[in-house]
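Each remark here refers to the structure printed beneath this line.
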Amino acid sequence: ALGGCGLGYLLPGMVLGRMAKRRQHRVRLGLPDALDLLVVSVEAGLGLDQAIQRVGEEIAFAHPDLSDELRLINLELRAGKGRVDALKNLAARTGVDDVASLVAMLVQTDKFGTSVAQSLRVHSDTVRTKRRQRAEEAAAKTGVKMVFPLVFCIFPAIWVVTIGPAVIKFIHIIVPMANK
């Protein structure tokens with residue numbers, strides 16, 4: 001009973017944490033595509049709020065988690081919150097560092113009045129570079145992760161296949177000599 005209580009206390013937190021990490025990963029993966037669409041929308045003449053709304057609608061099929069977050073920004077803006085507050089809420093809700101840097105860049109762009117399209121383009125390139133670096137890092141870790149299965153599962157099988165016939169032949173030669 002005590003073990004069940006401990007499991008019931010710890011398991012929901014662990015499951016929820018795992019679900020949150022998966023969602024953050026999906027948001028992180030969809031961000032470069034959303035940024036590209038945002039750049040195109042802003043350069044086409046839409047305002048930032050309308051571009052966010054449009055991108056939220058367009059990426060709903062490919063990246064539903066990010067689409068939901070962008071729609072929440074739009075709902076907050078319609079409810080009367082300021083753009084800065086809505087963007088900061090986005091960063092707080094997602095917990096993704098790339099989104100937090102995007103929000104900081106958009107707040108700074110809004111504050112200083114610089115070109116949103118150019119800032120978004122530069123940030124999009126940065127996010128794509130980070131994504132590529134993460135993929136390279138994961139590929140580099142693959143070799144280390146393969147050591148255990150190789151040493152304990154594959155090498156013994158290879159040894160049995162390569163050395164096994166020689167051992168059998170050796171036994172067939174040694175056993176008749178031992179009987180004499």
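Convention: chains lettered A, B, ... in structure tokens order; per-chain residue numbering from 1; ligands numbered from 1 as shown.
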
(message) Report as a ChimeraX atom specification all protein, DNA and RNA residues lying within 9 Å of Arg83 in chain A, evaluated on only C-alpha atoms, omitting residues in the same chain fewer than 3 positions from it.
(response) /A:49,73,76-77,86-88,107

(message) List the spatial neighbours of Arg28 in chain A as a ChimeraX atom specification - criterion: any atom at most 8 Å away, only C-alpha atoms, same-chain residues fewer than 6 positions off excluded.
(response) /A:96,98-99

Using the selection just defined, write its residues with all heavy atoms as a PDB file, in the first residue's frame.
```
ATOM      1  N   VAL A  96      10.154  27.513 -23.848  1.00  0.00           N
ATOM      2  CA  VAL A  96      11.162  27.190 -24.857  1.00  0.00           C
ATOM      3  C   VAL A  96      12.091  28.392 -24.999  1.00  0.00           C
ATOM      4  O   VAL A  96      11.627  29.527 -25.160  1.00  0.00           O
ATOM      5  CB  VAL A  96      10.485  26.855 -26.210  1.00  0.00           C
ATOM      6  CG1 VAL A  96      11.514  26.602 -27.280  1.00  0.00           C
ATOM      7  CG2 VAL A  96       9.566  25.670 -26.059  1.00  0.00           C
ATOM      8  N   ASP A  98      14.061  29.280 -27.427  1.00  0.00           N
ATOM      9  CA  ASP A  98      13.985  29.934 -28.728  1.00  0.00           C
ATOM     10  C   ASP A  98      12.789  30.887 -28.799  1.00  0.00           C
ATOM     11  O   ASP A  98      12.876  31.965 -29.395  1.00  0.00           O
ATOM     12  CB  ASP A  98      13.882  28.906 -29.855  1.00  0.00           C
ATOM     13  CG  ASP A  98      15.157  28.101 -30.020  1.00  0.00           C
ATOM     14  OD1 ASP A  98      16.218  28.589 -29.570  1.00  0.00           O
ATOM     15  OD2 ASP A  98      15.095  27.006 -30.603  1.00  0.00           O
ATOM     16  N   VAL A  99      11.680  30.494 -28.198  1.00  0.00           N
ATOM     17  CA  VAL A  99      10.508  31.366 -28.166  1.00  0.00           C
ATOM     18  C   VAL A  99      10.786  32.575 -27.282  1.00  0.00           C
ATOM     19  O   VAL A  99      10.390  33.696 -27.615  1.00  0.00           O
ATOM     20  CB  VAL A  99       9.258  30.588 -27.686  1.00  0.00           C
ATOM     21  CG1 VAL A  99       8.072  31.516 -27.499  1.00  0.00           C
ATOM     22  CG2 VAL A  99       8.902  29.491 -28.671  1.00  0.00           C
TER      23      VAL A  99
END
```

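Using only C-alpha atoms, the smallest distance between any of A:Ala44, A:Pro32, A:Pro165, A:Gly95 and Ala20 in chain A comes from A:Gly95.
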
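Interatomic distance, CA of Asp33 in chain A to CA of Ser115 in chain A: 19.9 Å.
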
Do a neighbour search on Arg54 in chain A at 9 Å with only C-alpha atoms, toss out local chain neighbours closer than 5 positions, and write the hits as a PDB file with all heavy atoms, in the first residue's frame.
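This went into result04.pdb:
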```pdb
ATOM      1  N   LEU A  37       7.053  31.841 -42.266  1.00  0.00           N
ATOM      2  CA  LEU A  37       5.734  32.327 -42.668  1.00  0.00           C
ATOM      3  C   LEU A  37       5.464  33.722 -42.115  1.00  0.00           C
ATOM      4  O   LEU A  37       4.847  34.558 -42.780  1.00  0.00           O
ATOM      5  CB  LEU A  37       4.649  31.372 -42.191  1.00  0.00           C
ATOM      6  CG  LEU A  37       4.472  30.096 -42.985  1.00  0.00           C
ATOM      7  CD1 LEU A  37       3.492  29.168 -42.296  1.00  0.00           C
ATOM      8  CD2 LEU A  37       3.993  30.410 -44.381  1.00  0.00           C
ATOM      9  N   LEU A  38       5.934  33.989 -40.917  1.00  0.00           N
ATOM     10  CA  LEU A  38       5.759  35.308 -40.306  1.00  0.00           C
ATOM     11  C   LEU A  38       6.525  36.363 -41.094  1.00  0.00           C
ATOM     12  O   LEU A  38       6.013  37.465 -41.328  1.00  0.00           O
ATOM     13  CB  LEU A  38       6.235  35.247 -38.856  1.00  0.00           C
ATOM     14  CG  LEU A  38       5.703  36.280 -37.884  1.00  0.00           C
ATOM     15  CD1 LEU A  38       4.194  36.237 -37.827  1.00  0.00           C
ATOM     16  CD2 LEU A  38       6.266  36.026 -36.495  1.00  0.00           C
ATOM     17  N   SER A  41       4.637  37.011 -44.312  1.00  0.00           N
ATOM     18  CA  SER A  41       3.407  37.755 -44.051  1.00  0.00           C
ATOM     19  C   SER A  41       3.681  39.224 -43.760  1.00  0.00           C
ATOM     20  O   SER A  41       2.989  40.114 -44.257  1.00  0.00           O
ATOM     21  CB  SER A  41       2.647  37.132 -42.878  1.00  0.00           C
ATOM     22  OG  SER A  41       2.295  35.808 -43.164  1.00  0.00           O
ATOM     23  N   ASP A  49       0.357  41.727 -35.659  1.00  0.00           N
ATOM     24  CA  ASP A  49      -0.770  41.018 -35.049  1.00  0.00           C
ATOM     25  C   ASP A  49      -1.524  40.183 -36.076  1.00  0.00           C
ATOM     26  O   ASP A  49      -1.859  39.021 -35.827  1.00  0.00           O
ATOM     27  CB  ASP A  49      -1.723  42.011 -34.383  1.00  0.00           C
ATOM     28  CG  ASP A  49      -1.051  42.802 -33.283  1.00  0.00           C
ATOM     29  OD1 ASP A  49       0.007  42.346 -32.795  1.00  0.00           O
ATOM     30  OD2 ASP A  49      -1.570  43.867 -32.916  1.00  0.00           O
ATOM     31  N   ILE A  59      -0.371  27.100 -39.975  1.00  0.00           N
ATOM     32  CA  ILE A  59       0.442  25.977 -39.491  1.00  0.00           C
ATOM     33  C   ILE A  59      -0.338  25.026 -38.596  1.00  0.00           C
ATOM     34  O   ILE A  59       0.247  24.144 -37.971  1.00  0.00           O
ATOM     35  CB  ILE A  59       1.710  26.469 -38.766  1.00  0.00           C
ATOM     36  CG1 ILE A  59       1.356  27.214 -37.490  1.00  0.00           C
ATOM     37  CG2 ILE A  59       2.585  27.280 -39.682  1.00  0.00           C
ATOM     38  CD1 ILE A  59       2.549  27.488 -36.619  1.00  0.00           C
TER      39      ILE A  59
END
```

(message) Can you pull out the residues contacting Ile52 in chain A? Cut-off 10 Å, using only C-alpha atoms, and skip same-chain residues under 5 positions away; I want them as a ChimeraX atom specification.
(response) /A:34-35,37-38,41-42,46-47,57-58,67,70-71,73-74

Preceding selection exported with N, CA, C and O atoms as an mmCIF file, in the first residue's frame:
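That gives us part36.cif:
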```cif
data_model
loop_
_atom_site.group_PDB
_atom_site.id
_atom_site.type_symbol
_atom_site.label_atom_id
_atom_site.label_comp_id
_atom_site.auth_asym_id
_atom_site.auth_seq_id
_atom_site.Cartn_x
_atom_site.Cartn_y
_atom_site.Cartn_z
ATOM 1 N N ALA A 34 7.281 28.541 -38.704
ATOM 2 C CA ALA A 34 6.386 29.637 -38.354
ATOM 3 C C ALA A 34 7.067 30.988 -38.560
ATOM 4 O O ALA A 34 6.435 31.943 -39.030
ATOM 5 N N LEU A 35 8.345 31.066 -38.225
ATOM 6 C CA LEU A 35 9.070 32.319 -38.430
ATOM 7 C C LEU A 35 9.176 32.668 -39.912
ATOM 8 O O LEU A 35 9.039 33.837 -40.284
ATOM 9 N N LEU A 37 7.053 31.841 -42.266
ATOM 10 C CA LEU A 37 5.734 32.327 -42.668
ATOM 11 C C LEU A 37 5.464 33.722 -42.115
ATOM 12 O O LEU A 37 4.847 34.558 -42.780
ATOM 13 N N LEU A 38 5.934 33.989 -40.917
ATOM 14 C CA LEU A 38 5.759 35.308 -40.306
ATOM 15 C C LEU A 38 6.525 36.363 -41.094
ATOM 16 O O LEU A 38 6.013 37.465 -41.328
ATOM 17 N N SER A 41 4.637 37.011 -44.312
ATOM 18 C CA SER A 41 3.407 37.755 -44.051
ATOM 19 C C SER A 41 3.681 39.224 -43.760
ATOM 20 O O SER A 41 2.989 40.114 -44.257
ATOM 21 N N VAL A 42 4.700 39.486 -42.958
ATOM 22 C CA VAL A 42 5.030 40.875 -42.617
ATOM 23 C C VAL A 42 5.556 41.615 -43.839
ATOM 24 O O VAL A 42 5.210 42.774 -44.073
ATOM 25 N N LEU A 46 1.202 42.754 -44.039
ATOM 26 C CA LEU A 46 0.375 42.570 -42.853
ATOM 27 C C LEU A 46 1.084 43.152 -41.634
ATOM 28 O O LEU A 46 2.307 43.153 -41.553
ATOM 29 N N GLY A 47 0.295 43.600 -40.687
ATOM 30 C CA GLY A 47 0.861 44.019 -39.415
ATOM 31 C C GLY A 47 1.272 42.793 -38.622
ATOM 32 O O GLY A 47 0.883 41.666 -38.948
ATOM 33 N N GLU A 57 -3.175 30.203 -38.210
ATOM 34 C CA GLU A 57 -4.144 29.451 -39.011
ATOM 35 C C GLU A 57 -3.441 28.527 -40.007
ATOM 36 O O GLU A 57 -3.879 27.407 -40.234
ATOM 37 N N GLU A 58 -2.360 29.006 -40.602
ATOM 38 C CA GLU A 58 -1.696 28.255 -41.672
ATOM 39 C C GLU A 58 -0.942 27.023 -41.171
ATOM 40 O O GLU A 58 -0.859 26.028 -41.866
ATOM 41 N N SER A 67 0.580 26.394 -33.272
ATOM 42 C CA SER A 67 -0.603 27.087 -33.772
ATOM 43 C C SER A 67 -1.510 27.500 -32.613
ATOM 44 O O SER A 67 -2.024 28.625 -32.589
ATOM 45 N N LEU A 70 0.006 30.515 -30.874
ATOM 46 C CA LEU A 70 -0.163 31.754 -31.637
ATOM 47 C C LEU A 70 -1.611 32.234 -31.590
ATOM 48 O O LEU A 70 -1.871 33.442 -31.544
ATOM 49 N N ARG A 71 -2.537 31.300 -31.583
ATOM 50 C CA ARG A 71 -3.950 31.683 -31.458
ATOM 51 C C ARG A 71 -4.232 32.280 -30.082
ATOM 52 O O ARG A 71 -5.048 33.201 -29.949
ATOM 53 N N ILE A 73 -2.120 34.035 -28.366
ATOM 54 C CA ILE A 73 -1.617 35.416 -28.428
ATOM 55 C C ILE A 73 -2.697 36.307 -29.027
ATOM 56 O O ILE A 73 -2.989 37.397 -28.528
ATOM 57 N N ASN A 74 -3.288 35.840 -30.114
ATOM 58 C CA ASN A 74 -4.319 36.617 -30.794
ATOM 59 C C ASN A 74 -5.525 36.838 -29.891
ATOM 60 O O ASN A 74 -6.091 37.930 -29.847
#
```

(message) Using only C-alpha atoms for the distances, tell me which of A:Leu90, A:Cys5, A:Met14, A:Val39 is nearest to Val122 in chain A.
(response) A:Val39

(request) Quick one: pull the distance between CA of Gly113 in chain A and CA of Val84 in chain A, Å, one decimal. (result) 13.6 Å

(request) Kindly give the distance, in Å, that separates CA of Val160 in chain A and CA of Lys141 in chain A, rounded to a single decimal. (result) 29.0 Å

(request) Identify all residues of range 34-128 of chain A in helix (DSSP H, G or I) (DSSP on the backbone) and supply them as a VMD selection string. (result) chain A and resid 34 to 43 48 to 58 64 to 78 83 to 94 97 to 112 116 to 128
